[in-house]
Structures are given as C-alpha cells and as structure tokens.
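To start, the structure under review is shown below, and the notes come after it.
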Amino acid sequence: MSVNISGTWDMVINVNFDAYMVSLGIDFATRKVAGLLKTQKVIEQDGQFFTMTTVSALRNYKSSFKIGEEFEEVTKGLDNRKCQSQVNWIGDKLVCVQKGEKRDRGWTHWLEGDELYLELYCEGKVCKQAYRRSA
Ligand code: 1AG
C-alpha cells in the first residue's frame with residue numbers, strides 16, 4: 001500500500017528556489033517574478049498513475065506518469081529541457097529522477113503530518129517546499 005498524496009495543495013514554504021532556478025539557467029527577471037509565486041499542486045493519483053499540475057499566476061506545468069516507467073519529460077515553460085524521467089516509491093517517498101543535460105536532477109514528494117513536502121534538486125542545489133491542503 002502506497003501513500004495517497006492526491007488533492008489540491010497550497011504552497012506555504014519555499015526555501016532556496018532561486019538557487020534551484022539558477023542551476024537550471026533561468027534568467028534574472030524570470031527568477032524574480034517566479035520567486036514571488038505561491039504555487040498550488042493539484043495531484044491526481046489513481047493506483048500507479050499520476051498527474052501533477054503545478055498551478056501559478058504566471059503559468060502552469062503538467063506532468064503525467066506511471067510509477068516505474070521511464071517517460072520523456074519536456075519541462076515546457078520551465079527550463080524547456082528534455083529529460084528521461086522515472087518516478088518510484090522509495091518507502092513512503094515519491095522519488096523522481098530526471099536524467100538529461102543537468103546532472104543530479106530530480107525531486108522527492110512526501111507527506112509529514114498534514115503537510116506535503118517537495119524537494120527539487122539540480123546539480124547540488126536543493127529547493128525545499130511545503131504545502132497545506134487547500135481550504
Ligand atoms: C516540478 O515539480 C516543477 C515545479 O517538476 C516547478 C518548479 C520550478 C520551476 C523550475 C524552473 C523555473 C523556470 C521558470 C520559472 C517560470 C515560472 C515558474 C512557474 C512555476 C510554476 C509552474 C515536481 C512535481 C510535479 O511536483 O512535476
């Protein structure tokens with residue numbers, strides 16, 4: 001039995017997002033605007049199938065995948081790179097590895113109490129985010 005992280009989640013904490021964006025080569029002006037965003041995660045989870053939509057005032061980013069199956073991810077509207085991505089449960093953590101031009105790239109989602117956590121990492125930089133269920 002895996003954890004159920006489905007739902008609509010509002011960002012409450014966002015630490016080191018700027019450094020993560022720098023590691024992805026995002027320009028200064030875009031970083032300044034993106035850094036102000038309070039994003040929402042809309043997560044649909046149906047067994048092994050997931051759709052995650054990151055919603056913001058600037059743009060949205062949608063990704064769909066099946067656990068354990070590599071897929072081509074194009075980070076459209078973000079850094080616009082192609083990755084060979086794969087998501088797996090490692091214990092109670094949902095771990096994504098994004099193989100591509102950037103080394104050590106990926107993310108991890110997990111639940112802790114009532115909060116959903118997300119760590120986004122790229123080339124040694126780690127952004128830590130927390131979300132609460134949307135009212
Ligand atoms: C993700 O979450 C990506 C979530 O995979 C978006 C996080 C960072 C964005 C990366 C680089 C910034 C590039 C451009 C900035 C412009 C706009 C920012 C918009 C942010 C919201 C779309 C992992 C998982 C779901 O939760 O894939």
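Residue numbering restarts at 1 in every chain; chains get A, B, ... in the order shown in the structure tokens, and ligands count up from 1 in that same order.
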Exercise for review: Find the residues near Glu123 of chain A: any atom within 8 Å, counting only C-alpha atoms, skip ones fewer than 6 places away on the same chain, and give them as a list in words.
Suggested key: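 The residues that qualify are Ser23, Lys102, Arg103, Asp104 and Arg105 of chain A.
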Using only C-alpha atoms and all ligand atoms, what does the table of chain A residues within 7 Å of ligand 1 look like, with each row giving the shortest atom pair and its distance in Å to one decimal, sorted by chain and ascending number, as a Markdown table?
| residue | atom | partner | partner_atom_place_in_ligand_line | distance |
| --- | --- | --- | --- | --- |
| A:Met21 | CA | ligand 1 | 11 (C) | 5.1 |
| A:Leu24 | CA | ligand 1 | 11 (C) | 6.5 |
| A:Ile26 | CA | ligand 1 | 13 (C) | 5.8 |
| A:Thr30 | CA | ligand 1 | 15 (C) | 5.8 |
| A:Arg31 | CA | ligand 1 | 15 (C) | 6.0 |
| A:Ala34 | CA | ligand 1 | 18 (C) | 4.6 |
| A:Thr39 | CA | ligand 1 | 21 (C) | 6.1 |
| A:Lys41 | CA | ligand 1 | 26 (O) | 6.7 |
| A:Met52 | CA | ligand 1 | 25 (C) | 5.2 |
| A:Thr53 | CA | ligand 1 | 25 (C) | 6.4 |
| A:Thr54 | CA | ligand 1 | 22 (C) | 5.0 |
| A:Val55 | CA | ligand 1 | 22 (C) | 5.7 |
| A:Ser56 | CA | ligand 1 | 21 (C) | 5.2 |
| A:Leu58 | CA | ligand 1 | 19 (C) | 6.1 |
| A:Arg59 | CA | ligand 1 | 22 (C) | 5.3 |
| A:Asn60 | CA | ligand 1 | 22 (C) | 4.4 |
| A:Tyr61 | CA | ligand 1 | 22 (C) | 4.6 |
| A:Lys62 | CA | ligand 1 | 27 (O) | 6.6 |
| A:Ser63 | CA | ligand 1 | 27 (O) | 5.4 |
| A:Gly77 | CA | ligand 1 | 14 (C) | 6.4 |
| A:Leu78 | CA | ligand 1 | 13 (C) | 3.6 |
| A:Asp79 | CA | ligand 1 | 13 (C) | 5.1 |
| A:Trp107 | CA | ligand 1 | 23 (C) | 6.0 |
| A:Leu118 | CA | ligand 1 | 26 (O) | 6.8 |
| A:Leu120 | CA | ligand 1 | 23 (C) | 6.8 |
Can you write out the residues you just picked, keeping C-alpha atoms, as a PDB file, in the first residue's frame?
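Contents of out.pdb, as written:
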ATOM      1  CA  MET A  21      16.384  28.184 -10.766  1.00  0.00           C
ATOM      2  CA  LEU A  24      18.580  25.462 -14.380  1.00  0.00           C
ATOM      3  CA  ILE A  26      16.680  30.687 -15.598  1.00  0.00           C
ATOM      4  CA  THR A  30      12.088  35.444 -14.682  1.00  0.00           C
ATOM      5  CA  ARG A  31      13.567  34.297 -11.358  1.00  0.00           C
ATOM      6  CA  ALA A  34       8.819  33.253 -10.255  1.00  0.00           C
ATOM      7  CA  THR A  39       2.065  27.861  -6.363  1.00  0.00           C
ATOM      8  CA  LYS A  41      -0.115  21.481  -6.607  1.00  0.00           C
ATOM      9  CA  MET A  52       0.601  16.558 -11.217  1.00  0.00           C
ATOM     10  CA  THR A  53      -0.231  20.103 -12.159  1.00  0.00           C
ATOM     11  CA  THR A  54       1.751  22.967 -10.706  1.00  0.00           C
ATOM     12  CA  VAL A  55      -0.524  25.984 -10.920  1.00  0.00           C
ATOM     13  CA  SER A  56       0.631  29.589 -10.656  1.00  0.00           C
ATOM     14  CA  LEU A  58       2.430  33.064 -14.295  1.00  0.00           C
ATOM     15  CA  ARG A  59       1.975  29.643 -15.884  1.00  0.00           C
ATOM     16  CA  ASN A  60       1.072  26.049 -15.203  1.00  0.00           C
ATOM     17  CA  TYR A  61       3.121  22.898 -15.564  1.00  0.00           C
ATOM     18  CA  LYS A  62       1.569  19.467 -16.013  1.00  0.00           C
ATOM     19  CA  SER A  63       3.236  16.082 -15.829  1.00  0.00           C
ATOM     20  CA  GLY A  77       7.506  26.721 -19.716  1.00  0.00           C
ATOM     21  CA  LEU A  78      10.132  25.986 -17.056  1.00  0.00           C
ATOM     22  CA  ASP A  79      13.676  25.461 -18.395  1.00  0.00           C
ATOM     23  CA  TRP A 107      12.513  15.768  -6.993  1.00  0.00           C
ATOM     24  CA  LEU A 118       8.687  18.705  -2.066  1.00  0.00           C
ATOM     25  CA  LEU A 120      13.543  19.922  -6.043  1.00  0.00           C
TER      26      LEU A 120
END
Practice item. Fewer than 2 positions away in the same chain doesn't count, so skip those; otherwise give me all residues within 8 Å of Gly68 of chain A, counting only C-alpha atoms, as a ChimeraX atom specification. Key: /A:66,70,86-88
Practice item. Would you list, as JSON, numbers by chain, the residues of segment 39-87 of chain A that end up in strand (DSSP E) under DSSP run on this structure's backbone? Key: {"A": [40, 41, 42, 43, 44, 45, 46, 49, 50, 51, 52, 53, 54, 55, 61, 62, 63, 64, 65, 66, 71, 72, 73, 74, 82, 83, 84, 85, 86, 87]}
Residues from last step as file, C-alpha atoms, as a PDB file, in the first residue's frame:
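Produced file out.pdb, reproduced below:
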ATOM      1  CA  GLN A  40      -0.555  25.213  -5.962  1.00  0.00           C
ATOM      2  CA  LYS A  41      -0.115  21.481  -6.607  1.00  0.00           C
ATOM      3  CA  VAL A  42      -3.055  19.593  -7.989  1.00  0.00           C
ATOM      4  CA  ILE A  43      -2.290  15.893  -7.714  1.00  0.00           C
ATOM      5  CA  GLU A  44      -4.377  13.093  -9.160  1.00  0.00           C
ATOM      6  CA  GLN A  45      -3.347   9.622  -8.087  1.00  0.00           C
ATOM      7  CA  ASP A  46      -5.005   6.503  -9.457  1.00  0.00           C
ATOM      8  CA  PHE A  49      -0.871   6.604 -12.463  1.00  0.00           C
ATOM      9  CA  PHE A  50      -0.259  10.209 -11.503  1.00  0.00           C
ATOM     10  CA  THR A  51      -0.992  13.604 -12.950  1.00  0.00           C
ATOM     11  CA  MET A  52       0.601  16.558 -11.217  1.00  0.00           C
ATOM     12  CA  THR A  53      -0.231  20.103 -12.159  1.00  0.00           C
ATOM     13  CA  THR A  54       1.751  22.967 -10.706  1.00  0.00           C
ATOM     14  CA  VAL A  55      -0.524  25.984 -10.920  1.00  0.00           C
ATOM     15  CA  TYR A  61       3.121  22.898 -15.564  1.00  0.00           C
ATOM     16  CA  LYS A  62       1.569  19.467 -16.013  1.00  0.00           C
ATOM     17  CA  SER A  63       3.236  16.082 -15.829  1.00  0.00           C
ATOM     18  CA  SER A  64       1.679  12.629 -16.116  1.00  0.00           C
ATOM     19  CA  PHE A  65       3.486   9.378 -15.407  1.00  0.00           C
ATOM     20  CA  LYS A  66       3.229   5.790 -14.261  1.00  0.00           C
ATOM     21  CA  PHE A  71       9.000   8.696 -19.838  1.00  0.00           C
ATOM     22  CA  GLU A  72      10.202  11.665 -21.841  1.00  0.00           C
ATOM     23  CA  GLU A  73       9.537  14.808 -19.859  1.00  0.00           C
ATOM     24  CA  VAL A  74       9.742  18.189 -21.537  1.00  0.00           C
ATOM     25  CA  LYS A  82      14.058  17.176 -22.324  1.00  0.00           C
ATOM     26  CA  CYS A  83      14.598  14.647 -19.574  1.00  0.00           C
ATOM     27  CA  GLN A  84      14.229  10.895 -19.362  1.00  0.00           C
ATOM     28  CA  SER A  85      12.296  10.781 -16.139  1.00  0.00           C
ATOM     29  CA  GLN A  86      11.242   7.983 -13.854  1.00  0.00           C
ATOM     30  CA  VAL A  87       9.245   8.084 -10.641  1.00  0.00           C
TER      31      VAL A  87
END
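With only C-alpha atoms as the basis for measurement, A:Thr108 is the residue among A:Ser6, A:Thr108, A:Thr75, A:Asn80 that approaches Gln129 of chain A most closely.
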Review point. Counting only C-alpha atoms, which of A:Asn4, A:Val15, A:Phe28, A:Lys38 gets nearest to Trp110 of chain A?
Key: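 Result for the nearest residue to Trp110 of chain A: A:Asn4.
Closest approach to Ala57 of chain A among A:Gly106, A:Lys76, A:Gly35, A:Ile5 is made by A:Gly35 (distances from only C-alpha atoms).
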Point to revise | Secondary structure check, alpha helix (DSSP H) residues of segment 11-122 of chain A, as a list in words | key: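 Matching residues for alpha helix (DSSP H) in segment 11-122 of chain A are Phe17, Asp18, Ala19, Tyr20, Met21, Val22, Ser23, Phe28, Ala29, Thr30, Arg31, Lys32, Val33 and Ala34 of chain A.
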Please produce an output containing N, CA, C and O atoms for each residue in the selection, written as an mmCIF file, in the first residue's frame.
data_model
loop_
_atom_site.group_PDB
_atom_site.id
_atom_site.type_symbol
_atom_site.label_atom_id
_atom_site.label_comp_id
_atom_site.auth_asym_id
_atom_site.auth_seq_id
_atom_site.Cartn_x
_atom_site.Cartn_y
_atom_site.Cartn_z
ATOM 1 N N PHE A 17 14.568 28.419 -3.658
ATOM 2 C CA PHE A 17 14.031 28.266 -5.021
ATOM 3 C C PHE A 17 14.917 29.012 -6.025
ATOM 4 O O PHE A 17 15.146 28.542 -7.142
ATOM 5 N N ASP A 18 15.429 30.173 -5.611
ATOM 6 C CA ASP A 18 16.252 30.965 -6.535
ATOM 7 C C ASP A 18 17.499 30.190 -6.982
ATOM 8 O O ASP A 18 17.817 30.151 -8.171
ATOM 9 N N ALA A 19 18.178 29.557 -6.015
ATOM 10 C CA ALA A 19 19.398 28.798 -6.354
ATOM 11 C C ALA A 19 19.072 27.621 -7.287
ATOM 12 O O ALA A 19 19.844 27.317 -8.209
ATOM 13 N N TYR A 20 17.930 27.002 -7.038
ATOM 14 C CA TYR A 20 17.489 25.909 -7.923
ATOM 15 C C TYR A 20 17.266 26.439 -9.342
ATOM 16 O O TYR A 20 17.716 25.824 -10.325
ATOM 17 N N MET A 21 16.621 27.598 -9.441
ATOM 18 C CA MET A 21 16.384 28.184 -10.766
ATOM 19 C C MET A 21 17.689 28.594 -11.434
ATOM 20 O O MET A 21 17.843 28.424 -12.656
ATOM 21 N N VAL A 22 18.643 29.130 -10.667
ATOM 22 C CA VAL A 22 19.958 29.471 -11.224
ATOM 23 C C VAL A 22 20.598 28.220 -11.827
ATOM 24 O O VAL A 22 21.135 28.248 -12.942
ATOM 25 N N SER A 23 20.512 27.111 -11.106
ATOM 26 C CA SER A 23 21.136 25.873 -11.595
ATOM 27 C C SER A 23 20.490 25.391 -12.890
ATOM 28 O O SER A 23 21.118 24.673 -13.669
ATOM 29 N N PHE A 28 17.520 36.215 -14.736
ATOM 30 C CA PHE A 28 17.278 37.016 -13.530
ATOM 31 C C PHE A 28 15.828 37.506 -13.432
ATOM 32 O O PHE A 28 15.169 37.320 -12.408
ATOM 33 N N ALA A 29 15.342 38.125 -14.495
ATOM 34 C CA ALA A 29 13.997 38.726 -14.444
ATOM 35 C C ALA A 29 12.930 37.658 -14.190
ATOM 36 O O ALA A 29 12.027 37.854 -13.362
ATOM 37 N N THR A 30 13.059 36.537 -14.870
ATOM 38 C CA THR A 30 12.088 35.444 -14.682
ATOM 39 C C THR A 30 12.167 34.912 -13.254
ATOM 40 O O THR A 30 11.145 34.634 -12.618
ATOM 41 N N ARG A 31 13.396 34.792 -12.731
ATOM 42 C CA ARG A 31 13.567 34.297 -11.358
ATOM 43 C C ARG A 31 12.906 35.211 -10.343
ATOM 44 O O ARG A 31 12.294 34.750 -9.373
ATOM 45 N N LYS A 32 13.046 36.524 -10.565
ATOM 46 C CA LYS A 32 12.472 37.475 -9.605
ATOM 47 C C LYS A 32 10.951 37.348 -9.570
ATOM 48 O O LYS A 32 10.344 37.372 -8.499
ATOM 49 N N VAL A 33 10.349 37.195 -10.728
ATOM 50 C CA VAL A 33 8.888 37.043 -10.778
ATOM 51 C C VAL A 33 8.484 35.680 -10.225
ATOM 52 O O VAL A 33 7.597 35.571 -9.371
ATOM 53 N N ALA A 34 9.173 34.626 -10.666
ATOM 54 C CA ALA A 34 8.819 33.253 -10.255
ATOM 55 C C ALA A 34 8.971 33.087 -8.743
ATOM 56 O O ALA A 34 8.205 32.360 -8.107
#
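The residue that comes closest to Met11 of chain A, out of A:Ile67, A:Leu116, A:Cys122, A:Leu111 and on the basis of only C-alpha atoms, is A:Leu116.
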Exercise for review: Just give me the gap between atom CA of Glu115 of chain A and atom CA of Leu37 of chain A in Å, one decimal is fine.
Suggested key: 18.7 Å
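Proximity to Arg81 of chain A was assessed for A:Lys99, A:Leu36, A:Ala130, A:Lys125 counting only C-alpha atoms; the smallest distance is recorded for A:Lys99.
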**Study point:** Distance in Å - atom CA of Cys127 of chain A versus atom CA of Asn16 of chain A
**Key:**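 Interatomic distance, atom CA of Cys127 of chain A to atom CA of Asn16 of chain A: 4.7 Å.
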